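Below is one structure, written out as structure tokens; the observations come after it.
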Amino acid sequence: MSMILPGSTIGIIGGGQLARMMILEGRKMGYHFVIVDPAQDCASHDIANDQIVASWSSLNAALQLAKVCDVITVDTEHVAWQSIQAIEDQVPAYPSSIVLKNVQDRLSQRDFLQKLDIAQTPYVNVESIDELRNAIDQVGLPCVLKTRTSGYDGKGQAVIKDKDDIHVAWDKIGRVPAIVEGFVDFQDEVSVLVARTRVNSQVRIATYPLAKNIHRKHILHKTVVPAGYPENIEKNCFQFAHKIVDAFDYIGIMAIEMFVTKQGEVLVNEIAPRTHNSGHFTYGGCVTSQFEQQIRAITGQSLGATTLIEPVVMVNLLGDLWKEDINFQTLMQTPGVTLHLYDKHPAKPGRKMGHFLVQGQDIEALSAKADDLYNQLT
Ligand code: AMP
């Protein structure tokens, strides 16, 4: 890949908080940004140099973007791979249409992982309620029904505990093509953030420390780093991550979510071909943030150090907290705490509005401090 020099323009499809933080990091390196987002007031609208107001999957918008940009990336994987395919001979796009095509559909994502011999929970494709019934005989109960496309943060999912739940679950996901997978009785959810690029045709890979993630109502609530796992489990997680990015000949940041079972087995749950919420700890917590790293990777620069500066806890701030009298004073006055807000309006339940980092030495104490600060906001 050729180098994209400062002064060049980077296109981002999606103008949410991930794009916003990429732009904040990229502008300091001298890049210009054009975003595509249907919302005129999206989180990046006032810091991007220009915006094409259109849906993420609009072919026209992609064609327009290709004319004015030197490289293109995304802040969401829900971009039609066909739009990227239509422009990737004119302008480099990371992730490529092939990556998006494989990742957008949960079935092809799981098939891809299976071909690589990567451990995951058993899964079966289902297209009707009869197929669902048969699939349950194969994966067992409890199990999780997930739509093949457009799912995120637990949307398009239903847990099936016994056979009486089948109809409700099938209705809940909208009776669309889905996969049913074995329910994992996990010890923890973890994620690996890995960056891969080519510098003078040599592959470079940089991996961030393993992150432990705590979810509430299927949405990430808290990330704790270091995750505190023994070296053999960490090694297992990193090996899976490296195998995946190499198999795609991937360029950019990828987040790979995994389960660690109570027996210490690592199972890959999901791949996100972009910067990721569970990597927000890097923005202030590591020498190079995931956002700077993404810009480095897609412009053909060497990758920055992924070293953790000190133990860190990240807590998400969802719109549910936004009451009239929300008060950030304690957060702002507590040493070792950094507040990030995305300037999103309006605040809605479940909407990601910001996050804060708590940094220090003792991870147990930091985690308790983060909980305490969070509880003071509720
Ligand atoms: P996903 O959209 O696949 O990332 O799922 C969202 C959340 O649902 C995950 O972070 C887990 O907490 C939970 N989940 C998803 N799949 C499973 C599974 N097979 N077994 C247990 N929990 C799951």
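Naming scheme: A, B, ... for chains in displayed order of the structure tokens; residues 1 onward per chain; ligands 1 onward as shown.
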| request: Could you give me the residues within 10 Å of ligand 1, counting only C-alpha atoms and all ligand atoms, as a VMD selection string? | output: chain A and resid 106 120 to 123 142 to 147 150 to 159 180 to 186 188 to 190 213 to 220 256 to 259 267 to 272
| query | Among segment 20-173 of chain A, which ones does DSSP place in strand (DSSP E or B), written as a list in words? | reply |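 Reading the DSSP output for segment 20-173 of chain A, strand (DSSP E or B) covers His32, Phe33, Val34, Ile35, Val36, Asp50, Gln51, Ile52, Val71, Ile72, Thr73, Val74, Ala93, Tyr123, Val124, Asn125, Val126, Cys143, Val144, Leu145, Lys146, Thr147, Gln157, Ala158, Val159 and Ile160 of chain A.
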| task | Once DSSP has gone over the backbone, tell me which residues of segment 6-190 of chain A are in alpha helix (DSSP H), as a VMD selection string. | result | chain A and resid 17 to 27 59 to 68 81 to 87 97 to 104 106 to 115 129 to 139 166 to 172
| task | Would you list the contacts of segment 49-65 of chain A as a PyMOL selection string, taking every protein, DNA or RNA residue within 8 Å and counting only C-alpha atoms, but skipping same-chain residues closer than 5 positions in sequence? | result | chain A and resi 11+13-14+32-40+78-80+82-84+86-87
| field | Counting only C-alpha atoms, the option among A:Gly319, A:Gly336, A:Pro92, A:Gly140 closest to Gly252 of chain A | value |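 Selected residue with least distance to Gly252 of chain A: A:Pro92.
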| field | Test item: residues at most 6 Å from segment 126-139 of chain A, only C-alpha atoms, excluding those fewer than 2 positions along its chain, as a ChimeraX atom specification | value | /A:124,177-179,182
Just all heavy atoms for this one: save the residues we selected as a PDB file, in the first residue's frame.
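After the write, out-v1.pdb holds the following:
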ATOM      1  N   VAL A 124     -26.044 -22.998  14.243  1.00  0.00           N
ATOM      2  CA  VAL A 124     -26.767 -23.589  13.109  1.00  0.00           C
ATOM      3  C   VAL A 124     -27.570 -22.477  12.423  1.00  0.00           C
ATOM      4  O   VAL A 124     -28.161 -21.626  13.084  1.00  0.00           O
ATOM      5  CB  VAL A 124     -27.740 -24.708  13.585  1.00  0.00           C
ATOM      6  CG1 VAL A 124     -28.526 -25.282  12.418  1.00  0.00           C
ATOM      7  CG2 VAL A 124     -26.992 -25.815  14.308  1.00  0.00           C
ATOM      8  N   PRO A 177     -34.044 -14.625   8.573  1.00  0.00           N
ATOM      9  CA  PRO A 177     -32.938 -15.586   8.624  1.00  0.00           C
ATOM     10  C   PRO A 177     -32.026 -15.297   9.814  1.00  0.00           C
ATOM     11  O   PRO A 177     -31.706 -14.138  10.096  1.00  0.00           O
ATOM     12  CB  PRO A 177     -32.207 -15.364   7.292  1.00  0.00           C
ATOM     13  CG  PRO A 177     -33.295 -14.881   6.380  1.00  0.00           C
ATOM     14  CD  PRO A 177     -34.202 -14.037   7.226  1.00  0.00           C
ATOM     15  N   ALA A 178     -31.648 -16.357  10.505  1.00  0.00           N
ATOM     16  CA  ALA A 178     -30.939 -16.178  11.775  1.00  0.00           C
ATOM     17  C   ALA A 178     -29.969 -17.326  12.004  1.00  0.00           C
ATOM     18  O   ALA A 178     -29.947 -18.293  11.232  1.00  0.00           O
ATOM     19  CB  ALA A 178     -31.967 -16.135  12.907  1.00  0.00           C
ATOM     20  N   ILE A 179     -29.173 -17.196  13.047  1.00  0.00           N
ATOM     21  CA  ILE A 179     -28.426 -18.368  13.515  1.00  0.00           C
ATOM     22  C   ILE A 179     -28.856 -18.636  14.948  1.00  0.00           C
ATOM     23  O   ILE A 179     -29.258 -17.716  15.662  1.00  0.00           O
ATOM     24  CB  ILE A 179     -26.888 -18.199  13.443  1.00  0.00           C
ATOM     25  CG1 ILE A 179     -26.402 -17.005  14.251  1.00  0.00           C
ATOM     26  CG2 ILE A 179     -26.399 -18.144  12.018  1.00  0.00           C
ATOM     27  CD1 ILE A 179     -24.891 -16.997  14.451  1.00  0.00           C
ATOM     28  N   GLY A 182     -25.182 -22.017  20.760  1.00  0.00           N
ATOM     29  CA  GLY A 182     -25.150 -22.509  22.135  1.00  0.00           C
ATOM     30  C   GLY A 182     -24.904 -21.363  23.102  1.00  0.00           C
ATOM     31  O   GLY A 182     -24.078 -20.491  22.837  1.00  0.00           O
TER      32      GLY A 182
END
| message | Which residues are close to Asp117 of chain A, i.e. within 12 Å by only C-alpha atoms, leaving aside same-chain residues fewer than 2 positions away? Reply as a PyMOL selection string. | response | chain A and resi 110-115+119-120+239-240+243-244+247+267-268
